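Visitor: Data: structure-v1.pdb, PDB, C-alpha atoms.
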ATOM      1  CA  MET A   1      -6.378   8.491  24.776
ATOM      2  CA  ALA A   2      -4.741   9.944  21.675
ATOM      3  CA  VAL A   3      -5.640   8.863  18.142
ATOM      4  CA  LEU A   4      -3.953   9.909  14.906
ATOM      5  CA  ASN A   5      -5.285   8.851  11.509
ATOM      6  CA  THR A   6      -3.166   9.786   8.539
ATOM      7  CA  GLN A   7      -2.365   8.606   5.033
ATOM      8  CA  ILE A   8       0.655   8.484   2.819
ATOM      9  CA  HIS A   9       0.440   8.356  -0.955
ATOM     10  CA  ILE A  10       2.792   6.321  -3.113
ATOM     11  CA  GLN A  11       3.297   6.266  -6.865
ATOM     12  CA  THR A  12       4.509   2.831  -7.870
ATOM     13  CA  SER A  13       6.230   2.267 -11.178
ATOM     14  CA  ALA A  14       6.504  -1.518 -11.550
ATOM     15  CA  GLN A  15       3.925  -4.282 -11.624
ATOM     16  CA  PHE A  16       5.512  -5.888  -8.558
ATOM     17  CA  GLU A  17       7.312  -3.471  -6.280
ATOM     18  CA  VAL A  18       8.219  -3.311  -2.607
ATOM     19  CA  VAL A  19       8.274   0.149  -1.005
ATOM     20  CA  ASN A  20       9.761   0.681   2.451
ATOM     21  CA  VAL A  21       7.301   2.893   4.376
ATOM     22  CA  THR A  22       8.959   2.509   7.800
ATOM     23  CA  ASP A  23      10.141   6.133   8.018
ATOM     24  CA  HIS A  24       6.651   7.442   7.184
ATOM     25  CA  VAL A  25       5.113   5.291   9.912
ATOM     26  CA  MET A  26       7.770   6.368  12.426
ATOM     27  CA  GLN A  27       7.039  10.025  11.626
ATOM     28  CA  ALA A  28       3.310   9.453  12.183
ATOM     29  CA  VAL A  29       3.979   7.828  15.556
ATOM     30  CA  SER A  30       6.202  10.763  16.527
ATOM     31  CA  ARG A  31       3.553  13.331  15.437
ATOM     32  CA  SER A  32       0.869  11.485  17.400
ATOM     33  CA  GLY A  33       2.601  12.010  20.727
ATOM     34  CA  VAL A  34       1.675   8.434  21.719
ATOM     35  CA  LYS A  35       4.198   6.937  24.111
ATOM     36  CA  SER A  36       2.452   3.600  24.702
ATOM     37  CA  GLY A  37      -0.068   2.058  22.334
ATOM     38  CA  LEU A  38      -0.454   0.559  18.891
ATOM     39  CA  VAL A  39       0.147   1.581  15.309
ATOM     40  CA  SER A  40      -1.876  -0.029  12.532
ATOM     41  CA  ILE A  41      -0.723   0.160   8.918
ATOM     42  CA  SER A  42      -3.149  -0.846   6.166
ATOM     43  CA  THR A  43      -3.873  -0.414   2.504
ATOM     44  CA  PRO A  44      -7.384  -0.111   1.036
ATOM     45  CA  HIS A  45      -6.291  -1.695  -2.254
ATOM     46  CA  THR A  46      -7.216  -5.280  -3.175
ATOM     47  CA  THR A  47      -4.079  -5.704  -5.284
ATOM     48  CA  ALA A  48      -1.486  -4.586  -2.720
ATOM     49  CA  GLY A  49      -0.300  -5.729   0.678
ATOM     50  CA  ILE A  50       1.432  -4.628   3.867
ATOM     51  CA  LYS A  51       4.147  -6.868   5.343
ATOM     52  CA  LEU A  52       7.014  -6.822   7.832
ATOM     53  CA  ASN A  53      10.380  -8.106   6.701
ATOM     54  CA  HIS A  54      14.011  -7.294   6.031
ATOM     55  CA  PHE A  55      14.232  -4.700   3.236
ATOM     56  CA  GLU A  56      17.254  -6.033   1.379
ATOM     57  CA  PRO A  57      17.453  -5.957  -2.453
ATOM     58  CA  MET A  58      18.376  -9.598  -3.009
ATOM     59  CA  LEU A  59      15.692 -10.752  -0.581
ATOM     60  CA  MET A  60      13.160  -8.620  -2.472
ATOM     61  CA  GLN A  61      14.177 -10.453  -5.682
ATOM     62  CA  ASP A  62      13.699 -13.786  -3.880
ATOM     63  CA  MET A  63      10.283 -12.612  -2.695
ATOM     64  CA  LEU A  64       9.299 -11.654  -6.245
ATOM     65  CA  ARG A  65      10.349 -15.041  -7.626
ATOM     66  CA  THR A  66       8.577 -16.943  -4.853
ATOM     67  CA  ILE A  67       5.318 -15.039  -5.179
ATOM     68  CA  TYR A  68       5.321 -15.458  -8.965
ATOM     69  CA  ARG A  69       5.899 -19.208  -8.507
ATOM     70  CA  LEU A  70       2.937 -19.390  -6.127
ATOM     71  CA  VAL A  71       0.677 -17.214  -8.291
ATOM     72  CA  PRO A  72       1.881 -17.150 -11.908
ATOM     73  CA  GLN A  73       0.740 -14.307 -14.102
ATOM     74  CA  ASP A  74       0.559 -16.370 -17.281
ATOM     75  CA  ILE A  75      -2.341 -18.685 -16.412
ATOM     76  CA  SER A  76      -6.050 -18.053 -16.813
ATOM     77  CA  TYR A  77      -7.952 -16.604 -13.838
ATOM     78  CA  ASN A  78     -11.750 -16.461 -13.771
ATOM     79  CA  HIS A  79     -11.564 -12.868 -12.526
ATOM     80  CA  ASP A  80     -10.094 -11.927 -15.909
ATOM     81  CA  LEU A  81     -13.006 -13.334 -17.942
ATOM     82  CA  PHE A  82     -14.595  -9.933 -18.463
ATOM     83  CA  GLU A  83     -17.157 -11.277 -20.928
ATOM     84  CA  LEU A  84     -18.604 -13.486 -18.149
ATOM     85  CA  ARG A  85     -18.289 -11.154 -15.151
ATOM     86  CA  GLN A  86     -20.772  -8.513 -14.111
ATOM     87  CA  ASN A  87     -19.953  -4.925 -13.137
ATOM     88  CA  VAL A  88     -16.634  -4.754 -14.965
ATOM     89  CA  ALA A  89     -15.179  -1.267 -14.660
ATOM     90  CA  PRO A  90     -14.131   0.578 -17.811
ATOM     91  CA  ASN A  91     -10.410   0.093 -18.481
ATOM     92  CA  GLU A  92     -10.230  -2.693 -15.863
ATOM     93  CA  ARG A  93      -6.960  -4.610 -15.916
ATOM     94  CA  SER A  94      -6.557  -8.369 -16.237
ATOM     95  CA  ASN A  95      -5.242  -8.674 -12.718
ATOM     96  CA  GLY A  96      -6.631 -11.845 -11.163
ATOM     97  CA  HIS A  97      -3.055 -12.793 -10.308
ATOM     98  CA  ALA A  98      -2.548  -9.520  -8.412
ATOM     99  CA  HIS A  99      -5.660 -10.043  -6.291
ATOM    100  CA  LEU A 100      -4.470 -13.526  -5.319
ATOM    101  CA  LYS A 101      -0.963 -12.295  -4.456
ATOM    102  CA  ALA A 102      -2.425  -9.545  -2.276
ATOM    103  CA  PHE A 103      -4.763 -12.053  -0.601
ATOM    104  CA  LEU A 104      -1.763 -14.171   0.403
ATOM    105  CA  LEU A 105       0.193 -11.129   1.625
ATOM    106  CA  GLY A 106      -2.551  -9.499   3.693
ATOM    107  CA  ALA A 107      -3.577  -5.848   3.802
ATOM    108  CA  SER A 108      -2.440  -4.738   7.261
ATOM    109  CA  GLU A 109      -0.013  -5.038  10.155
ATOM    110  CA  SER A 110      -0.304  -3.786  13.739
ATOM    111  CA  LEU A 111       2.664  -3.096  15.967
ATOM    112  CA  PRO A 112       3.161  -2.063  19.584
ATOM    113  CA  VAL A 113       4.467   1.398  20.429
ATOM    114  CA  GLU A 114       6.554   1.777  23.586
ATOM    115  CA  SER A 115       8.383   4.911  24.760
ATOM    116  CA  GLY A 116       7.165   6.608  21.574
ATOM    117  CA  LYS A 117       8.935   4.063  19.321
ATOM    118  CA  ILE A 118       7.603   1.274  17.107
ATOM    119  CA  MET A 119       8.663  -2.102  18.465
ATOM    120  CA  LEU A 120      10.393  -3.466  15.349
ATOM    121  CA  GLY A 121      13.159  -6.058  15.220
ATOM    122  CA  ASP A 122      16.654  -4.911  14.233
ATOM    123  CA  ARG A 123      16.141  -5.819  10.584
ATOM    124  CA  GLN A 124      12.383  -5.434  10.314
ATOM    125  CA  SER A 125      10.894  -2.840   8.015
ATOM    126  CA  ILE A 126       7.293  -1.990   7.213
ATOM    127  CA  LEU A 127       6.730  -2.745   3.540
ATOM    128  CA  PHE A 128       4.045  -1.765   1.057
ATOM    129  CA  VAL A 129       3.896  -4.497  -1.598
ATOM    130  CA  GLU A 130       2.525  -3.508  -4.994
ATOM    131  CA  CYS A 131       1.101  -6.411  -7.019
ATOM    132  CA  ASP A 132      -0.537  -4.487  -9.898
ATOM    133  CA  GLY A 133       1.508  -1.327 -10.554
ATOM    134  CA  GLY A 134       2.343   1.263 -11.505
ATOM    135  CA  ARG A 135      -0.408   3.141  -9.787
ATOM    136  CA  LYS A 136      -1.132   5.804  -7.238
ATOM    137  CA  ARG A 137      -1.576   4.032  -3.907
ATOM    138  CA  THR A 138      -2.601   4.883  -0.368
ATOM    139  CA  VAL A 139      -1.337   3.599   2.975
ATOM    140  CA  ASN A 140      -3.460   4.268   6.064
ATOM    141  CA  ILE A 141      -1.683   4.764   9.404
ATOM    142  CA  THR A 142      -3.598   4.793  12.695
ATOM    143  CA  VAL A 143      -1.808   5.418  16.000
ATOM    144  CA  VAL A 144      -3.766   4.809  19.217
ATOM    145  CA  GLY A 145      -2.574   5.097  22.799
ATOM    146  CA  GLU A 146      -1.466   7.343  25.610
TER     147      GLU A 146
END
Once you've parsed the file, please lay out its structure as C-alpha coordinates.

Guide:
Amino acid sequence: MAVLNTQIHIQTSAQFEVVNVTDHVMQAVSRSGVKSGLVSISTPHTTAGIKLNHFEPMLMQDMLRTIYRLVPQDISYNHDLFELRQNVAPNERSNGHAHLKAFLLGASESLPVESGKIMLGDRQSILFVECDGGRKRTVNITVVGE
(Lines of atoms letter the chains of each structure in order from A and count residues from 1; the text may use other names and numbers.)
(Lines give C-alpha, C1' and ligand atoms only; values in the text may rest on other atoms or scores of the structure.)
Protein backbone atom coordinates (compact mmCIF):
# COMPACT_ATOMS: atom_id res chain seq x y z
CA MET A 1 0.00 0.00 0.00
CA ALA A 2 1.30 3.44 -0.93
CA VAL A 3 0.88 6.50 1.29
CA LEU A 4 1.79 10.09 0.47
CA ASN A 5 1.50 12.88 3.03
CA THR A 6 2.16 16.37 1.77
CA GLN A 7 1.19 19.96 2.47
CA ILE A 8 0.52 23.05 0.45
CA HIS A 9 0.86 26.54 1.86
CA ILE A 10 -1.48 29.38 0.98
CA GLN A 11 -1.25 33.09 1.71
CA THR A 12 -4.76 34.50 1.90
CA SER A 13 -5.39 38.20 1.53
CA ALA A 14 -9.05 38.70 2.48
CA GLN A 15 -11.01 37.96 5.63
CA PHE A 16 -13.30 35.62 3.70
CA GLU A 17 -11.71 34.02 0.67
CA VAL A 18 -12.20 30.85 -1.34
CA VAL A 19 -9.07 29.30 -2.88
CA ASN A 20 -9.33 26.52 -5.45
CA VAL A 21 -6.77 23.85 -4.45
CA THR A 22 -7.95 21.17 -6.91
CA ASP A 23 -4.82 21.30 -9.09
CA HIS A 24 -2.55 20.91 -6.04
CA VAL A 25 -4.49 17.87 -4.88
CA MET A 26 -4.44 16.35 -8.38
CA GLN A 27 -0.66 16.81 -8.51
CA ALA A 28 -0.28 15.06 -5.14
CA VAL A 29 -2.38 12.12 -6.33
CA SER A 30 -0.26 11.89 -9.49
CA ARG A 31 3.02 12.01 -7.48
CA SER A 32 1.75 9.30 -5.13
CA GLY A 33 1.43 6.72 -7.89
CA VAL A 34 -1.86 5.54 -6.33
CA LYS A 35 -4.22 4.13 -8.93
CA SER A 36 -7.02 3.05 -6.58
CA GLY A 37 -7.57 4.49 -3.12
CA LEU A 38 -8.53 7.63 -1.27
CA VAL A 39 -7.32 11.20 -0.99
CA SER A 40 -8.02 13.18 2.17
CA ILE A 41 -7.75 16.97 2.19
CA SER A 42 -7.78 18.78 5.53
CA THR A 43 -6.77 22.00 7.20
CA PRO A 44 -5.39 22.22 10.75
CA HIS A 45 -6.84 25.71 11.24
CA THR A 46 -9.93 26.34 13.39
CA THR A 47 -10.94 29.37 11.32
CA ALA A 48 -10.83 27.78 7.86
CA GLY A 49 -12.61 24.98 6.05
CA ILE A 50 -12.36 22.52 3.18
CA LYS A 51 -15.39 22.06 0.90
CA LEU A 52 -16.38 20.65 -2.49
CA ASN A 53 -18.38 22.85 -4.82
CA HIS A 54 -18.49 24.66 -8.13
CA PHE A 55 -15.76 27.33 -8.21
CA GLU A 56 -17.63 30.10 -9.99
CA PRO A 57 -17.20 33.78 -9.00
CA MET A 58 -20.87 34.67 -8.62
CA LEU A 59 -21.53 31.51 -6.61
CA MET A 60 -18.61 32.43 -4.34
CA GLN A 61 -20.29 35.83 -3.74
CA ASP A 62 -23.55 34.02 -2.91
CA MET A 63 -21.65 31.76 -0.52
CA LEU A 64 -20.08 34.77 1.20
CA ARG A 65 -23.45 36.48 1.65
CA THR A 66 -25.11 33.31 2.94
CA ILE A 67 -22.38 32.51 5.45
CA TYR A 68 -22.38 36.09 6.74
CA ARG A 69 -26.17 35.91 7.15
CA LEU A 70 -25.82 32.69 9.14
CA VAL A 71 -22.90 33.96 11.24
CA PRO A 72 -22.76 37.77 11.26
CA GLN A 73 -19.50 39.42 12.16
CA ASP A 74 -21.08 42.39 13.90
CA ILE A 75 -22.62 40.66 16.92
CA SER A 76 -20.99 39.80 20.23
CA TYR A 77 -19.42 36.35 20.61
CA ASN A 78 -18.29 35.03 23.99
CA HIS A 79 -15.03 33.86 22.41
CA ASP A 80 -14.15 37.52 21.86
CA LEU A 81 -14.50 38.51 25.53
CA PHE A 82 -10.77 38.42 26.16
CA GLU A 83 -11.11 39.93 29.64
CA LEU A 84 -13.14 36.86 30.72
CA ARG A 85 -11.32 34.10 28.83
CA GLN A 86 -8.24 32.26 30.00
CA ASN A 87 -5.13 31.55 27.93
CA VAL A 88 -5.65 34.36 25.44
CA ALA A 89 -2.72 34.50 23.03
CA PRO A 90 -0.89 37.79 22.53
CA ASN A 91 -2.27 39.65 19.51
CA GLU A 92 -5.27 37.28 19.33
CA ARG A 93 -7.97 38.44 16.93
CA SER A 94 -11.64 38.94 17.74
CA ASN A 95 -12.67 36.05 15.54
CA GLY A 96 -15.51 34.18 17.22
CA HIS A 97 -17.46 34.56 13.99
CA ALA A 98 -14.66 32.89 12.00
CA HIS A 99 -14.57 29.87 14.31
CA LEU A 100 -18.33 29.40 13.93
CA LYS A 101 -18.17 29.72 10.13
CA ALA A 102 -15.38 27.13 9.99
CA PHE A 103 -17.35 24.82 12.30
CA LEU A 104 -20.28 24.90 9.88
CA LEU A 105 -18.02 24.34 6.86
CA GLY A 106 -15.96 21.46 8.23
CA ALA A 107 -12.20 20.96 8.09
CA SER A 108 -11.81 18.05 5.66
CA GLU A 109 -13.06 16.12 2.65
CA SER A 110 -12.17 12.62 1.44
CA LEU A 111 -12.54 11.48 -2.14
CA PRO A 112 -12.08 8.21 -4.01
CA VAL A 113 -9.20 7.79 -6.45
CA GLU A 114 -9.73 5.49 -9.43
CA SER A 115 -7.34 4.93 -12.35
CA GLY A 116 -5.05 7.51 -10.74
CA LYS A 117 -7.71 10.26 -10.92
CA ILE A 118 -9.79 11.96 -8.22
CA MET A 119 -13.45 11.08 -8.64
CA LEU A 120 -14.88 14.61 -8.85
CA GLY A 121 -18.08 15.69 -10.57
CA ASP A 122 -17.80 17.75 -13.76
CA ARG A 123 -18.14 21.04 -11.90
CA GLN A 124 -16.74 20.05 -8.52
CA SER A 125 -13.61 21.69 -7.20
CA ILE A 126 -11.76 21.25 -3.93
CA LEU A 127 -11.93 24.55 -2.06
CA PHE A 128 -10.01 25.99 0.86
CA VAL A 129 -12.30 28.49 2.61
CA GLU A 130 -10.62 31.23 4.62
CA CYS A 131 -12.80 32.72 7.37
CA ASP A 132 -10.21 34.87 9.20
CA GLY A 133 -7.65 36.11 6.65
CA GLY A 134 -5.29 37.24 5.44
CA ARG A 135 -2.95 34.68 6.87
CA LYS A 136 -0.48 32.00 5.97
CA ARG A 137 -2.42 28.73 5.84
CA THR A 138 -1.72 25.04 5.43
CA VAL A 139 -3.65 22.32 3.61
CA ASN A 140 -2.78 18.70 4.38
CA ILE A 141 -3.14 16.12 1.59
CA THR A 142 -2.97 12.38 2.30
CA VAL A 143 -3.20 9.84 -0.53
CA VAL A 144 -3.62 6.17 0.41
CA GLY A 145 -4.04 3.17 -1.86
CA GLU A 146 -2.49 0.85 -4.38

Visitor: Please identify all polymer residues within 10 Å of segment 50-57 of chain A, counting only C-alpha atoms, omitting same-chain residues fewer than 2 positions from it, and present them as a PDB file with C-alpha atoms, keeping the file's coordinate frame.

Guide:
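Ended up saving to around26.pdb:
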ATOM      1  CA  VAL A  18       8.219  -3.311  -2.607  1.00  0.00           C
ATOM      2  CA  VAL A  19       8.274   0.149  -1.005  1.00  0.00           C
ATOM      3  CA  ASN A  20       9.761   0.681   2.451  1.00  0.00           C
ATOM      4  CA  VAL A  21       7.301   2.893   4.376  1.00  0.00           C
ATOM      5  CA  THR A  22       8.959   2.509   7.800  1.00  0.00           C
ATOM      6  CA  ILE A  41      -0.723   0.160   8.918  1.00  0.00           C
ATOM      7  CA  SER A  42      -3.149  -0.846   6.166  1.00  0.00           C
ATOM      8  CA  THR A  43      -3.873  -0.414   2.504  1.00  0.00           C
ATOM      9  CA  ALA A  48      -1.486  -4.586  -2.720  1.00  0.00           C
ATOM     10  CA  LEU A  59      15.692 -10.752  -0.581  1.00  0.00           C
ATOM     11  CA  MET A  60      13.160  -8.620  -2.472  1.00  0.00           C
ATOM     12  CA  GLN A  61      14.177 -10.453  -5.682  1.00  0.00           C
ATOM     13  CA  ASP A  62      13.699 -13.786  -3.880  1.00  0.00           C
ATOM     14  CA  MET A  63      10.283 -12.612  -2.695  1.00  0.00           C
ATOM     15  CA  ALA A 102      -2.425  -9.545  -2.276  1.00  0.00           C
ATOM     16  CA  LEU A 105       0.193 -11.129   1.625  1.00  0.00           C
ATOM     17  CA  GLY A 106      -2.551  -9.499   3.693  1.00  0.00           C
ATOM     18  CA  ALA A 107      -3.577  -5.848   3.802  1.00  0.00           C
ATOM     19  CA  SER A 108      -2.440  -4.738   7.261  1.00  0.00           C
ATOM     20  CA  GLU A 109      -0.013  -5.038  10.155  1.00  0.00           C
ATOM     21  CA  SER A 110      -0.304  -3.786  13.739  1.00  0.00           C
ATOM     22  CA  LEU A 111       2.664  -3.096  15.967  1.00  0.00           C
ATOM     23  CA  LEU A 120      10.393  -3.466  15.349  1.00  0.00           C
ATOM     24  CA  GLY A 121      13.159  -6.058  15.220  1.00  0.00           C
ATOM     25  CA  ASP A 122      16.654  -4.911  14.233  1.00  0.00           C
ATOM     26  CA  ARG A 123      16.141  -5.819  10.584  1.00  0.00           C
ATOM     27  CA  GLN A 124      12.383  -5.434  10.314  1.00  0.00           C
ATOM     28  CA  SER A 125      10.894  -2.840   8.015  1.00  0.00           C
ATOM     29  CA  ILE A 126       7.293  -1.990   7.213  1.00  0.00           C
ATOM     30  CA  LEU A 127       6.730  -2.745   3.540  1.00  0.00           C
ATOM     31  CA  PHE A 128       4.045  -1.765   1.057  1.00  0.00           C
ATOM     32  CA  VAL A 129       3.896  -4.497  -1.598  1.00  0.00           C
ATOM     33  CA  GLU A 130       2.525  -3.508  -4.994  1.00  0.00           C
ATOM     34  CA  VAL A 139      -1.337   3.599   2.975  1.00  0.00           C
TER      35      VAL A 139
END

Visitor: Taking all atoms listed in the file into account, which of A:Ile75, A:Ala89, A:Val39, A:Ile10 comes nearest Val25 of chain A?

Guide: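 Answer, going by the shortest atom-to-atom distance: A:Val39.
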
Visitor: Enumerate, as a ChimeraX atom specification, the residues matched when the PyMOL selection byres ((chain A and resi 2) around 12) is run on the file above.

Guide: /A:1,3-5,29,31-39,142-146

Visitor: Just want the 8 Å neighbourhood of Ile8 of chain A, counted on all atoms listed in the file, with same-chain residues fewer than 2 positions away dropped. Output as a PyMOL selection string.

Guide: chain A and resi 6+10+24+138-141

Visitor: Find, counting only C-alpha atoms, the residue in A:Ala98, A:Ile67, A:Asn91, A:His45 that gets nearest to His79 of chain A.

Guide: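 Nearest candidate to His79 of chain A out of A:Ala98, A:Ile67, A:Asn91, A:His45: A:Ala98.
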
Visitor: In terms of the shortest atom-to-atom distance over all atoms listed in the file, which of A:Lys101, A:Ser13, A:Gly133, A:Glu114 is closest to Arg69 of chain A?

Guide: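 That would be A:Lys101, the residue with the smallest distance to Arg69 of chain A.
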
Visitor: So that I can check the surroundings of Ser94 of chain A, please list as a tab-separated table (two decimals) with C-alpha atoms, in the frame of the given file every protein, DNA and RNA residue that reaches within 10 Å of it, counting only C-alpha atoms and ignoring chain neighbours fewer than 4 positions away.

Guide:
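Here's the written file selection-v4.tsv:
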chain	number	residue	atom	x	y	z
A	73	GLN	CA	0.74	-14.31	-14.10
A	76	SER	CA	-6.05	-18.05	-16.81
A	77	TYR	CA	-7.95	-16.60	-13.84
A	78	ASN	CA	-11.75	-16.46	-13.77
A	79	HIS	CA	-11.56	-12.87	-12.53
A	80	ASP	CA	-10.09	-11.93	-15.91
A	81	LEU	CA	-13.01	-13.33	-17.94
A	82	PHE	CA	-14.60	-9.93	-18.46
A	98	ALA	CA	-2.55	-9.52	-8.41
A	132	ASP	CA	-0.54	-4.49	-9.90

Visitor: Excluding His99 of chain A and its own-chain neighbours fewer than 5 positions away, which residues fall within 8 Å of it when counting all atoms listed in the file? Please give them as a list in words.

Guide: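 Listed by chain and then number, they are Thr46, Thr47, Ala48 and Cys131 of chain A.
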
Visitor: In terms of the shortest atom-to-atom distance over all atoms listed in the file, which of A:Arg93, A:Ile118, A:Leu104, A:Ser30 is closest to Gln15 of chain A?

Guide: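 Residue with the minimum atom-to-atom distance to Gln15 of chain A: A:Arg93.
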
Visitor: Given only C-alpha atoms as the basis, pick out the residue of A:Glu17, A:Glu83, A:Asp23, A:Glu92 nearest to Arg137 of chain A.

Guide: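 Among the listed residues, A:Glu17 lies closest to Arg137 of chain A.
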
Visitor: Check the smallest atom-to-atom distance from each of A:Gln7, A:Thr12, A:Thr66, A:Gln86 to Pro44 of chain A using all atoms listed in the file, then report the winner.

Guide: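 Looking only at the distances to Pro44 of chain A, the closest residue turns out to be A:Gln7.
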
Visitor: Would you compute the distance between atom CA of Lys136 of chain A and atom CA of His9 of chain A? Give it in Å to one decimal.

Guide: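 These atoms are spaced 7.0 Å apart.
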
Visitor: What's the separation between atom CA of Arg135 of chain A and atom CA of Ala14 of chain A, in Å to one decimal place?

Guide: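 These atoms are spaced 8.5 Å apart.
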
Visitor: What's the separation between atom CA of Asp74 of chain A and atom CA of Gly96 of chain A, in Å to one decimal place?

Guide: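 The value is 10.5 Å.
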